[in-house]
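Pasted below: my_file_36.csv, CSV, C-alpha atoms.
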```
chain,number,residue,atom,x,y,z
A,1,MET,CA,107.7,62.8,4.9
A,2,PHE,CA,107.1,61.6,1.3
A,3,PHE,CA,106.9,63.0,-2.1
A,4,GLU,CA,104.2,62.5,-4.8
A,5,LEU,CA,106.0,62.5,-8.1
A,6,GLY,CA,104.4,64.8,-10.7
A,7,ALA,CA,102.3,66.6,-8.1
A,8,ARG,CA,102.4,70.4,-8.3
A,9,GLU,CA,103.6,72.4,-5.4
A,10,ARG,CA,100.4,72.9,-3.5
A,11,GLY,CA,100.0,76.7,-3.3
A,12,GLY,CA,102.1,77.0,-0.2
A,13,GLU,CA,105.1,79.3,-0.1
A,14,LYS,CA,108.5,78.0,-0.8
A,15,PHE,CA,110.3,76.9,2.4
A,16,ALA,CA,113.7,78.1,1.2
A,17,ASP,CA,115.4,80.4,-1.2
A,18,ILE,CA,118.3,78.0,-1.6
A,19,ILE,CA,119.1,74.6,-0.2
A,20,LEU,CA,122.5,73.3,0.9
A,21,GLN,CA,122.6,69.5,0.2
A,22,ARG,CA,124.6,67.8,3.0
A,23,CYS,CA,123.3,64.3,2.8
A,24,VAL,CA,126.2,61.9,3.4
A,25,SER,CA,124.5,59.0,1.5
A,26,TYR,CA,125.3,59.5,-2.2
A,27,PHE,CA,122.2,57.9,-3.7
A,28,ARG,CA,119.8,59.6,-1.3
A,29,ASN,CA,121.6,62.9,-1.9
A,30,LEU,CA,121.3,62.6,-5.7
A,31,HIS,CA,117.6,61.5,-5.8
A,32,LEU,CA,116.5,64.0,-3.2
A,33,THR,CA,118.3,66.8,-5.1
A,34,ALA,CA,116.5,65.8,-8.3
A,35,LEU,CA,113.1,66.0,-6.5
A,36,LEU,CA,113.9,69.4,-4.9
A,37,GLU,CA,115.1,70.8,-8.2
A,38,LYS,CA,112.0,69.6,-10.0
A,39,ARG,CA,110.0,71.6,-7.4
A,40,GLY,CA,111.8,74.7,-8.4
A,41,TYR,CA,114.4,74.9,-5.6
A,42,THR,CA,118.0,75.9,-6.2
A,43,VAL,CA,120.1,73.2,-4.6
A,44,VAL,CA,123.9,73.4,-3.9
A,45,ASN,CA,125.4,71.3,-5.3
A,46,PRO,CA,123.0,70.9,-8.3
A,47,TYR,CA,122.0,67.5,-9.5
A,48,LYS,CA,124.2,67.6,-12.6
A,49,VAL,CA,127.3,68.4,-10.6
A,50,THR,CA,126.7,65.7,-8.0
A,51,GLN,CA,125.9,63.2,-10.6
A,52,LEU,CA,129.2,63.9,-12.5
A,53,CYS,CA,131.4,64.1,-9.3
A,54,GLY,CA,129.8,60.9,-7.8
A,55,ASN,CA,131.0,58.9,-10.8
A,56,LYS,CA,134.7,58.6,-11.5
A,57,LEU,CA,134.2,57.8,-15.2
A,58,LEU,CA,131.9,60.8,-15.8
A,59,THR,CA,134.3,63.0,-13.9
A,60,THR,CA,137.3,61.9,-15.9
A,61,LEU,CA,135.4,62.5,-19.1
A,62,ALA,CA,134.5,66.0,-18.0
A,63,LEU,CA,138.1,66.7,-17.0
A,64,THR,CA,139.7,65.4,-20.1
A,65,LYS,CA,137.2,67.3,-22.2
A,66,ALA,CA,138.4,70.5,-20.5
A,67,LYS,CA,142.0,69.4,-21.1
A,68,ILE,CA,142.8,69.0,-17.5
A,69,PRO,CA,145.6,66.5,-16.8
A,70,THR,CA,144.4,63.3,-15.2
A,71,PRO,CA,146.1,60.0,-14.5
A,72,LYS,CA,146.0,57.6,-17.5
A,73,THR,CA,142.7,55.8,-17.3
A,74,TYR,CA,141.2,52.8,-19.1
A,75,VAL,CA,137.6,51.5,-18.9
A,76,ALA,CA,136.6,47.9,-19.7
A,77,PHE,CA,133.4,46.0,-19.5
A,78,THR,CA,134.6,42.4,-19.3
A,79,LYS,CA,137.3,40.6,-17.3
A,80,GLU,CA,139.2,39.7,-20.4
A,81,SER,CA,139.2,43.2,-21.8
A,82,ALA,CA,140.2,44.6,-18.4
A,83,LEU,CA,143.2,42.3,-18.4
A,84,GLU,CA,144.1,43.4,-21.9
A,85,ALA,CA,143.9,47.1,-20.8
A,86,LEU,CA,146.1,46.3,-17.8
A,87,ASP,CA,148.7,44.6,-20.0
A,88,LYS,CA,148.9,47.8,-22.0
A,89,MET,CA,149.0,50.0,-19.0
A,90,GLY,CA,151.4,47.9,-16.9
A,91,TYR,CA,151.4,46.9,-13.3
A,92,PRO,CA,150.9,48.0,-10.6
A,93,ALA,CA,147.6,49.7,-11.5
A,94,MET,CA,144.5,50.8,-9.6
A,95,LEU,CA,141.0,49.3,-10.0
A,96,LYS,CA,138.3,51.7,-8.8
A,97,PRO,CA,134.6,51.3,-8.7
A,98,VAL,CA,133.0,54.1,-10.8
A,99,VAL,CA,130.8,55.0,-7.8
A,100,GLY,CA,132.2,54.6,-4.4
A,101,SER,CA,133.3,56.5,-1.4
A,102,TRP,CA,135.9,56.7,1.4
A,103,GLY,CA,138.2,54.5,-0.7
A,104,ARG,CA,135.9,51.5,-0.6
A,105,LEU,CA,136.8,48.7,-3.0
A,106,ILE,CA,139.7,50.6,-4.5
A,107,ILE,CA,142.4,48.0,-5.1
A,108,PRO,CA,146.0,48.3,-6.2
A,109,LEU,CA,146.6,45.4,-8.6
A,110,LYS,CA,150.2,44.3,-8.2
A,111,ASP,CA,150.4,41.8,-11.0
A,112,ARG,CA,148.3,39.9,-13.6
A,113,GLU,CA,147.6,37.1,-11.2
A,114,THR,CA,146.1,39.4,-8.6
A,115,ALA,CA,144.2,41.3,-11.2
A,116,GLY,CA,142.7,38.1,-12.6
A,117,ALA,CA,141.5,37.0,-9.1
A,118,VAL,CA,140.1,40.4,-8.2
A,119,LEU,CA,138.3,40.7,-11.5
A,120,GLU,CA,136.8,37.2,-11.1
A,121,GLU,CA,135.4,38.2,-7.7
A,122,ARG,CA,133.9,41.4,-9.2
A,123,GLU,CA,131.9,39.2,-11.6
A,124,TYR,CA,129.8,38.0,-8.6
A,125,MET,CA,129.1,41.5,-7.4
A,126,PHE,CA,126.5,44.1,-8.3
A,127,PRO,CA,126.7,45.0,-12.0
A,128,LEU,CA,128.1,48.5,-11.3
A,129,TYR,CA,131.3,46.8,-10.0
A,130,GLN,CA,131.7,45.2,-13.5
A,131,VAL,CA,132.4,48.5,-15.1
A,132,TYR,CA,136.2,48.4,-14.7
A,133,TYR,CA,137.8,51.7,-14.2
A,134,LEU,CA,141.5,51.1,-14.4
A,135,GLN,CA,144.0,53.8,-13.6
A,136,GLU,CA,147.8,54.0,-13.7
A,137,MET,CA,149.4,54.0,-10.3
A,138,VAL,CA,150.9,57.5,-10.3
A,139,LYS,CA,154.4,57.9,-8.8
A,140,ARG,CA,153.7,60.4,-6.1
A,141,PRO,CA,154.7,61.3,-2.6
A,142,PRO,CA,152.7,59.4,0.1
A,143,ARG,CA,150.1,62.2,0.0
A,144,ASP,CA,147.6,63.9,-2.2
A,145,ILE,CA,146.2,67.4,-2.3
A,146,ARG,CA,142.7,68.5,-1.8
A,147,VAL,CA,141.8,72.1,-2.7
A,148,PHE,CA,138.4,73.4,-1.5
A,149,VAL,CA,136.7,75.4,-4.3
A,150,ILE,CA,133.7,77.4,-3.3
A,151,GLY,CA,132.1,79.1,-6.3
A,152,ASP,CA,135.0,80.7,-8.2
A,153,GLU,CA,137.4,80.8,-5.1
A,154,ALA,CA,140.0,78.3,-4.0
A,155,VAL,CA,139.6,78.9,-0.3
A,156,THR,CA,142.0,76.5,1.3
A,157,GLY,CA,143.9,73.3,0.7
A,158,ILE,CA,145.3,70.3,2.6
A,159,TYR,CA,147.8,67.5,2.0
A,160,ARG,CA,146.3,64.2,2.9
A,161,TYR,CA,148.9,61.7,4.0
A,162,SER,CA,148.3,57.9,4.1
A,163,PHE,CA,149.9,55.6,6.6
A,164,LEU,CA,148.1,52.3,6.5
A,165,ASP,CA,148.0,51.8,2.7
A,166,ILE,CA,147.7,53.8,-0.5
A,167,LYS,CA,144.4,55.4,0.6
A,168,THR,CA,144.7,59.0,1.9
A,169,ASN,CA,141.0,59.3,2.9
A,170,ILE,CA,140.8,61.0,6.3
A,171,ALA,CA,137.8,58.6,7.1
A,172,ARG,CA,140.4,55.7,6.5
A,173,GLY,CA,143.1,57.0,8.9
A,174,GLY,CA,144.7,59.6,6.6
A,175,LYS,CA,146.1,62.7,8.2
A,176,ALA,CA,145.7,66.3,7.0
A,177,GLU,CA,148.3,69.1,6.9
A,178,PRO,CA,147.8,72.6,5.5
A,179,CYS,CA,148.8,73.1,1.9
A,180,ARG,CA,149.6,76.5,0.5
A,181,ILE,CA,147.6,77.2,-2.6
A,182,THR,CA,150.2,78.0,-5.3
A,183,PRO,CA,149.1,79.8,-8.5
A,184,GLU,CA,149.4,76.4,-10.3
A,185,LEU,CA,147.1,74.7,-7.8
A,186,GLN,CA,144.7,77.6,-7.9
A,187,GLU,CA,144.4,77.7,-11.6
A,188,LEU,CA,144.0,73.9,-11.9
A,189,SER,CA,141.5,73.5,-9.1
A,190,LEU,CA,139.3,76.4,-10.4
A,191,LYS,CA,139.4,75.0,-13.9
A,192,ALA,CA,138.5,71.5,-12.7
A,193,ALA,CA,135.6,72.8,-10.6
A,194,GLU,CA,134.3,74.7,-13.6
A,195,ALA,CA,134.6,71.5,-15.8
A,196,VAL,CA,132.1,69.7,-13.6
A,197,GLY,CA,129.7,72.7,-13.3
A,198,SER,CA,131.0,74.6,-10.2
A,199,GLY,CA,129.6,74.7,-6.7
A,200,ILE,CA,131.1,73.7,-3.3
A,201,LEU,CA,133.7,71.2,-4.2
A,202,GLY,CA,136.9,69.4,-3.1
A,203,VAL,CA,139.3,68.9,-6.0
A,204,ASP,CA,141.7,66.0,-5.4
A,205,MET,CA,145.1,66.2,-7.1
A,206,MET,CA,148.4,64.3,-7.1
A,207,GLU,CA,151.9,65.5,-7.6
A,208,THR,CA,153.7,63.6,-10.3
A,209,ASP,CA,157.1,64.1,-12.1
A,210,GLU,CA,155.2,65.5,-15.1
A,211,GLY,CA,153.2,67.9,-13.0
A,212,ILE,CA,149.9,67.9,-11.1
A,213,VAL,CA,147.0,65.7,-12.1
A,214,VAL,CA,143.4,65.8,-11.0
A,215,HIS,CA,142.0,62.4,-10.1
A,216,GLU,CA,138.7,63.2,-8.4
A,217,ILE,CA,136.3,65.9,-7.4
A,218,ASN,CA,134.2,65.7,-4.3
A,219,HIS,CA,130.6,67.0,-4.2
A,220,THR,CA,129.6,66.9,-0.6
A,221,ILE,CA,132.7,68.1,1.1
A,222,GLU,CA,133.7,66.9,4.6
A,223,PHE,CA,136.0,69.4,6.2
A,224,GLN,CA,136.4,68.6,9.9
A,225,ALA,CA,140.1,67.8,9.6
A,226,THR,CA,140.7,70.7,7.1
A,227,ALA,CA,139.0,73.3,9.3
A,228,THR,CA,141.1,72.1,12.2
A,229,VAL,CA,144.5,72.2,10.5
A,230,THR,CA,144.1,75.2,8.3
A,231,LYS,CA,142.1,77.3,10.7
A,232,VAL,CA,140.1,78.4,7.7
A,233,ASN,CA,136.4,79.0,8.4
A,234,ILE,CA,135.0,76.9,5.6
A,235,PRO,CA,131.3,77.1,6.8
A,236,LYS,CA,131.6,80.9,6.6
A,237,TYR,CA,132.7,80.6,2.9
A,238,ILE,CA,129.9,78.2,2.2
A,239,VAL,CA,127.2,80.5,3.8
A,240,GLY,CA,128.6,83.5,1.9
A,241,TYR,CA,128.4,81.6,-1.4
A,242,LEU,CA,124.8,80.5,-0.7
A,243,LEU,CA,123.7,84.1,0.2
A,244,ARG,CA,125.3,85.4,-3.0
A,245,LYS,CA,123.6,82.7,-5.0
A,246,ALA,CA,120.2,83.2,-3.3
A,247,ARG,CA,120.2,86.9,-3.9
A,248,LYS,CA,120.8,86.5,-7.7
B,1,MET,CA,109.6,60.8,28.8
B,2,LYS,CA,110.6,57.1,29.1
B,3,VAL,CA,112.9,55.5,26.7
B,4,LYS,CA,113.8,51.8,26.5
B,5,CYS,CA,117.2,50.9,25.2
B,6,PRO,CA,116.8,48.3,22.4
B,7,GLU,CA,120.2,46.9,23.1
B,8,CYS,CA,120.4,46.4,26.9
B,9,GLY,CA,116.8,46.9,27.9
B,10,ALA,CA,117.5,49.7,30.4
B,11,GLU,CA,114.8,52.3,30.9
B,12,PHE,CA,115.8,56.0,31.2
B,13,ASP,CA,114.3,59.4,30.8
B,14,ALA,CA,114.7,61.5,27.7
B,15,PRO,CA,114.5,65.3,28.1
B,16,ASP,CA,110.9,66.6,27.9
B,17,ASP,CA,111.7,68.8,24.9
B,18,VAL,CA,113.3,65.9,22.9
B,19,ILE,CA,112.5,65.9,19.2
B,20,VAL,CA,112.5,63.3,16.4
B,21,GLY,CA,116.0,62.8,15.0
B,22,GLU,CA,117.7,63.8,18.2
B,23,ILE,CA,120.5,61.5,19.5
B,24,VAL,CA,120.2,60.2,23.1
B,25,SER,CA,122.7,58.0,24.9
B,26,CYS,CA,121.7,55.0,27.0
B,27,PRO,CA,123.2,55.7,30.5
B,28,ASP,CA,123.6,52.0,31.1
B,29,CYS,CA,125.4,50.6,28.0
B,30,GLY,CA,126.4,53.9,26.4
B,31,LEU,CA,124.8,53.1,23.0
B,32,GLU,CA,123.8,56.1,20.9
B,33,LEU,CA,120.1,56.1,20.0
B,34,GLU,CA,118.2,58.2,17.5
B,35,VAL,CA,114.6,59.2,18.4
B,36,SER,CA,112.4,57.8,15.7
B,37,SER,CA,109.0,58.8,16.9
B,38,ILE,CA,107.3,60.5,19.9
B,39,GLN,CA,103.6,59.6,20.4
B,40,SER,CA,101.5,60.4,23.4
B,41,GLY,CA,104.6,60.6,25.7
B,42,LYS,CA,106.2,57.5,24.3
B,43,VAL,CA,109.6,57.8,22.8
B,44,ASP,CA,110.7,55.2,20.3
B,45,VAL,CA,114.4,55.0,19.4
B,46,LYS,CA,116.6,53.1,17.0
B,47,ILE,CA,120.3,52.4,17.0
B,48,VAL,CA,122.2,55.2,15.2
B,49,ARG,CA,123.6,54.2,11.9
B,50,ILE,CA,127.2,55.3,11.8
B,51,SER,CA,128.1,54.3,8.3
B,52,GLY,CA,126.4,53.1,5.1
B,53,GLU,CA,127.8,51.6,1.9
B,54,ASP,CA,127.4,54.8,-0.1
B,55,TRP,CA,128.3,57.2,2.7
B,56,GLY,CA,131.1,59.7,2.2
B,57,GLU,CA,133.0,60.7,-0.8
```

As structure tokens, the full file:
Amino acid sequence: MFFELGARERGGEKFADIILQRCVSYFRNLHLTALLEKRGYTVVNPYKVTQLCGNKLLTTLALTKAKIPTPKTYVAFTKESALEALDKMGYPAMLKPVVGSWGRLIIPLKDRETAGAVLEEREYMFPLYQVYYLQEMVKRPPRDIRVFVIGDEAVTGIYRYSFLDIKTNIARGGKAEPCRITPELQELSLKAAEAVGSGILGVDMMETDEGIVVHEINHTIEFQATATVTKVNIPKYIVGYLLRKARK
Amino acid sequence: MKVKCPECGAEFDAPDDVIVGEIVSCPDCGLELEVSSIQSGKVDVKIVRISGEDWGE
């Protein structure tokens, strides 16, 4: 199968009323969604939502614009300015690639020496890894919270516990436990989902002494562990949302 | 339909109604293989990719 860019839909009927994007590869997901939207299809999640959520810098900008609490974050474009930002923020701190998944290349920087060495390595990598997204290491329990927001409904939530290191990704050995959605979690997750354009989303949050902060929003949710521990039928909610949207 | 495992060279039968994209397992080495094309009774397979650099979230 291939696509001719700029070609008009050739007479044929549309093959779908709505499309659920489930491609696990971020870049293919994003570009295929763009193609399908250009051809007039409604895709869930839409291009603009996936683009925002797939990029930590753009997500943080959208969240802060909506006045949603996030961890303190600095962005720098050179090794020297990144070290300056880290001096201001203090160690330990997190270095995260703006685009990345399953915790890849997320590094806790323990001190200035480590930071210098890691940043030097980054200079030999693809230019995207030289956009330095630096974040305070939030004092939190060894877990974070993911709330699944589908449309305007927070359908379920999990705690994700990490054992090996700081990463709570289930794909990296993290474990899920059910998390009751308190009014605070509900309000914050719905607001965060709205800030990036709404859809089928996983809002990641951390518990800090100053309250809950949102650090990431996931656009192509994986829910095997969640469906198992919460017994919530997530696919049913997804299909319900798609049907409501398709009928509009 | 005959399939040849690209890893261990074993030959085995895929179901007659096999379709492109389907996953079959080699009975000899256990490797999972994705059907990449079916042409005049010949089934071509490739090793299933289980992770890519931009996979996941």

- Might you pull out every residue within 10 Å of Leu30 in chain A, with only C-alpha atoms counted and same-chain residues fewer than 4 positions away left off, and present them as a list in words?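 My reading of the contact set: Gln21, Cys23, Ser25, Tyr26, Ala34, Leu35, Asn45, Pro46, Tyr47, Lys48, Val49, Thr50, Gln51 and Gly54 of chain A.
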
May I have the selected residues written with C-alpha atoms, as a PDB file, in the coordinates of the input?
```
ATOM      1  CA  GLN A  21     122.600  69.500   0.200  1.00  0.00           C
ATOM      2  CA  CYS A  23     123.300  64.300   2.800  1.00  0.00           C
ATOM      3  CA  SER A  25     124.500  59.000   1.500  1.00  0.00           C
ATOM      4  CA  TYR A  26     125.300  59.500  -2.200  1.00  0.00           C
ATOM      5  CA  ALA A  34     116.500  65.800  -8.300  1.00  0.00           C
ATOM      6  CA  LEU A  35     113.100  66.000  -6.500  1.00  0.00           C
ATOM      7  CA  ASN A  45     125.400  71.300  -5.300  1.00  0.00           C
ATOM      8  CA  PRO A  46     123.000  70.900  -8.300  1.00  0.00           C
ATOM      9  CA  TYR A  47     122.000  67.500  -9.500  1.00  0.00           C
ATOM     10  CA  LYS A  48     124.200  67.600 -12.600  1.00  0.00           C
ATOM     11  CA  VAL A  49     127.300  68.400 -10.600  1.00  0.00           C
ATOM     12  CA  THR A  50     126.700  65.700  -8.000  1.00  0.00           C
ATOM     13  CA  GLN A  51     125.900  63.200 -10.600  1.00  0.00           C
ATOM     14  CA  GLY A  54     129.800  60.900  -7.800  1.00  0.00           C
TER      15      GLY A  54
END
```

- Task: Take CA of Lys96 in chain A and CA of Val214 in chain A and report the distance between them in Å, one decimal.
- Result: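 Interatomic distance, CA of Lys96 in chain A to CA of Val214 in chain A: 15.2 Å.
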
- Message: As an exercise, work out the distance from CA of Glu13 in chain A to CA of Ile238 in chain A in Å and give it to one decimal place.
- Response: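 That distance, rounded to one decimal, is 24.9 Å.
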
- Item | All residues 12 Å or closer to Glu84 in chain A, all atoms listed in the file, same chain fewer than 4 positions away omitted, as a list in words |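 Neighbouring residues, sequence-local ones excluded: Tyr74, Val75, Ala76, Phe77, Thr78, Lys79, Glu80, Lys88, Met89, Gly90, Tyr91, Arg112, Ala115, Gly116, Tyr132 and Leu134 of chain A.
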
- Task: For chain B, list the residues within 12 Å of chain A, counting all atoms listed in the file, and write the list as a PyMOL selection string.
- Result: chain B and resi 49-57

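CA of Ile234 in chain A lies 28.1 Å from CA of Glu32 in chain B.
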
- Query: Restricting the calculation to all atoms listed in the file, which member of B:Val35, B:Met1, B:Cys29, B:Ile47 is positioned closest to Asp16 in chain B?
  - Reply: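 Nearest candidate to Asp16 in chain B out of B:Val35, B:Met1, B:Cys29, B:Ile47: B:Met1.
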
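All polymer residues at most 8 Å from (122.3, 49.1, 26.7), using all atoms listed in the file, appear as Cys5, Pro6, Glu7, Cys8, Gly9, Ala10, Cys26, Pro27, Asp28, Cys29, Gly30 and Leu31 of chain B.
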
Padding of 6 Å on every side, edges along x, y and z, all listed atoms of range 74-79 of chain A included: what centre and edge lengths in Å, to one decimal, does that box have, as AutoDock Vina command-line options?
```
--center_x 137.3 --center_y 46.7 --center_z -18.5 --size_x 19.8 --size_y 24.2 --size_z 14.4
```

- Item | Non-local contacts of range 145-157 of chain A (10 Å; all atoms listed in the file; under 2 positions in same chain excluded) as a ChimeraX atom specification | /A:143,159-161,168,176-182,185-194,197-207,212-214,216-218,221,223,226-227,229-234,237-238,240-242,244-245

- Query: Closest to Glu4 in chain A among A:Val138, A:Ile158, A:Leu36, A:Ala82, using all atoms listed in the file?
  - Reply: A:Leu36

- Query: Could you pull the residues within 10 Å of range 39-45 of chain B, counting only C-alpha atoms, minus those fewer than 2 positions along the same chain, as a ChimeraX atom specification?
  - Reply: /B:1-6,13-14,16,18-24,32-37,47-48
